[in-house]
Amino acid sequence: MLAIRTRRRKAVALAAAAVLAGLAAPSLTATPATATSATTTTTSTALTTTAAGYDETYYKDAIGKTGDSLKSSLHTIISDQTKLSYSAVWDALKVTDQDPGNSGNVKLLYSGISRSKTLNGGNSGNWNREHVWAQSHGDFGTSAGPGTDLHHLRPEDVQVNSIRGNKDFDNGGSGFTNSGGSLTDSDSFEPRDAVKGDVARMILYMAVRYEGGDSWPDLEPNDAVTNGSVPLHGRLSVLKQWNDEDPPDAFEERRNQVIHDSYQHNRNPFVDHPEWVEAIW
């Protein structure tokens with residue numbers, strides 16, 4: 001039954017990606033990084049680019065590498081970024097996570113709800129700033145750095161955010177109010193199918209970006225769901241599966257572009273090259 005469920009999820013995810021992005025799903029193999037000609041999604045500001053273009057410029061020092069060498073090169077590349085204050089994140093999320101079907105709303109990550117941009121705050125019915133890499137996993141707080149990095153900060157319903165808490169990611173659990181298909185149990189959280197890959201690529205971005213320099217902790221993925229306050233996040237084997245099953249869609253690609261062009265001026269390499277997940281881990 002699990003195998004059937006997995007194949008069905010993968011088929012749905014791949015079909016959705018093809019419709020939204022006009023792309024074939026990338027091949028996920030542990031081969032050296034190579035240039036591709038996959039076309040990224042045009043953003044709402046008419047900014048168009050290709051992965052091949054970034055391979056020749058932004059990623060040029062990573063091409064041809066694999067394993068620790070690829071990870072190290074990507075770390076150097078994406079560490080060149082503009083840092084935001086935590087208060088500035090509010091307005092940034094209203095742009096990065098704007099609902100494609102309603103410009104006055106943001107799309108909430110785990111629940112999938114479209115909610116007014118003006119309803120940001122800490123009360124029931126509001127949306128707030130969810131740290132996908134739980135900030136307690138490394139105790140980095142909300143100071144400029146990992147605590148304000150837009151590549152893993154997403155809008156979410158206040159109560160859903162609380163239910164997720166600082167749990168590691170894994171399969172299994174039960175639904176809850178405004179879950180949108182997400183599940184949770186005593187020690188883990190499973191996002192809805194449509195954003196499983198997004199979550200995986202955000203966690204793994206953080207593991208590459210924050211390597212113990214900049215006075216921040218060395219963030220790393222592992223295969224546990226009991227990480228608590230240590231700078232680790234799991235479950236790696238499941239995150240890799242989600243990256244495979246749910247390739248980047250138009251929303252995720254646009255988000256990566258907007259963060260690069262308008263805010264931090266760095267990219268999540270696993271949105272541009274999801275196959276690099278397998279090449280490193």
# chains A, B, ... in the order shown; residues from 1 in each chain; ligands from 1
call {"tool": "residues_around", "arguments": {"residues": "Met206 (chain A)", "least_positions_apart": "6", "cutoff": "12 Å", "atoms": "only C-alpha atoms", "output": "PyMOL selection string"}}
result
chain A and resi 71+74-75+78-79+131-135+137-138+145-153+199-200+212+216-221+231-233+267-270
call {"tool": "write_last_selection", "arguments": {"atoms": "C-alpha atoms", "output": "mmCIF file, in the first residue's frame"}}
result
data_model
loop_
_atom_site.group_PDB
_atom_site.id
_atom_site.type_symbol
_atom_site.label_atom_id
_atom_site.label_comp_id
_atom_site.auth_asym_id
_atom_site.auth_seq_id
_atom_site.Cartn_x
_atom_site.Cartn_y
_atom_site.Cartn_z
ATOM 1 C CA LYS A 71 28.435 21.540 -1.047
ATOM 2 C CA LEU A 74 27.536 26.201 -3.161
ATOM 3 C CA HIS A 75 28.090 27.454 0.381
ATOM 4 C CA ILE A 78 25.018 31.511 -1.631
ATOM 5 C CA SER A 79 26.696 33.068 1.416
ATOM 6 C CA HIS A 131 10.740 29.119 10.392
ATOM 7 C CA VAL A 132 10.790 25.929 8.324
ATOM 8 C CA TRP A 133 14.177 25.128 9.858
ATOM 9 C CA ALA A 134 12.909 25.459 13.423
ATOM 10 C CA GLN A 135 14.869 28.277 15.068
ATOM 11 C CA HIS A 137 17.322 23.679 16.198
ATOM 12 C CA GLY A 138 20.509 25.654 16.703
ATOM 13 C CA GLY A 145 21.035 35.663 9.607
ATOM 14 C CA PRO A 146 19.393 32.241 9.681
ATOM 15 C CA GLY A 147 16.534 33.674 11.754
ATOM 16 C CA THR A 148 15.577 36.075 8.951
ATOM 17 C CA ASP A 149 16.579 34.101 5.854
ATOM 18 C CA LEU A 150 13.677 34.283 3.409
ATOM 19 C CA HIS A 151 14.651 31.008 1.791
ATOM 20 C CA HIS A 152 13.128 29.174 4.769
ATOM 21 C CA LEU A 153 10.655 31.704 6.178
ATOM 22 C CA VAL A 199 10.137 21.944 2.600
ATOM 23 C CA ALA A 200 12.960 19.544 1.736
ATOM 24 C CA GLY A 212 29.390 27.290 11.309
ATOM 25 C CA TRP A 216 26.041 31.058 13.421
ATOM 26 C CA PRO A 217 25.757 27.320 14.198
ATOM 27 C CA ASP A 218 26.661 24.616 11.694
ATOM 28 C CA LEU A 219 23.258 23.394 10.530
ATOM 29 C CA GLU A 220 23.103 19.827 9.204
ATOM 30 C CA PRO A 221 20.379 17.335 8.230
ATOM 31 C CA PRO A 231 21.585 22.308 15.169
ATOM 32 C CA LEU A 232 20.270 19.270 13.282
ATOM 33 C CA HIS A 233 17.052 18.668 11.353
ATOM 34 C CA ARG A 267 19.423 31.685 -4.587
ATOM 35 C CA ASN A 268 18.313 28.317 -3.270
ATOM 36 C CA PRO A 269 20.421 26.041 -5.508
ATOM 37 C CA PHE A 270 18.115 23.066 -4.951
#
call {"tool": "residues_around", "arguments": {"residues": "Arg255 (chain A)", "least_positions_apart": "2", "cutoff": "12 Å", "atoms": "only C-alpha atoms", "output": "count of residues only"}}
result
43
call {"tool": "closest_residue", "arguments": {"among": "A:Asp170, A:Glu156, A:Asp55, A:Asp80", "to": "Leu236 (chain A)", "atoms": "only C-alpha atoms"}}
result
A:Asp170
call {"tool": "select_by_dssp", "arguments": {"residues": "region 21-203 of chain A", "states": "strand (DSSP E or B)", "output": "VMD selection string"}}
result
chain A and resid 39 50 98 to 99 102 to 107 114 to 116 120 127 to 131 153 to 157 168 to 169 174 183 to 184 188 to 190
call {"tool": "atom_distance", "arguments": {"atom1": "CA of Gly172 (chain A)", "atom2": "CA of Phe189 (chain A)"}}
result
7.6 Å
call {"tool": "closest_residue", "arguments": {"among": "A:Asp214, A:Asp185, A:Asp223, A:Asp91", "to": "Pro155 (chain A)", "atoms": "only C-alpha atoms"}}
result
A:Asp91
call {"tool": "closest_residue", "arguments": {"among": "A:Asn102, A:Thr76, A:Ser69, A:Asn243", "to": "Arg201 (chain A)", "atoms": "only C-alpha atoms"}}
result
A:Asn243
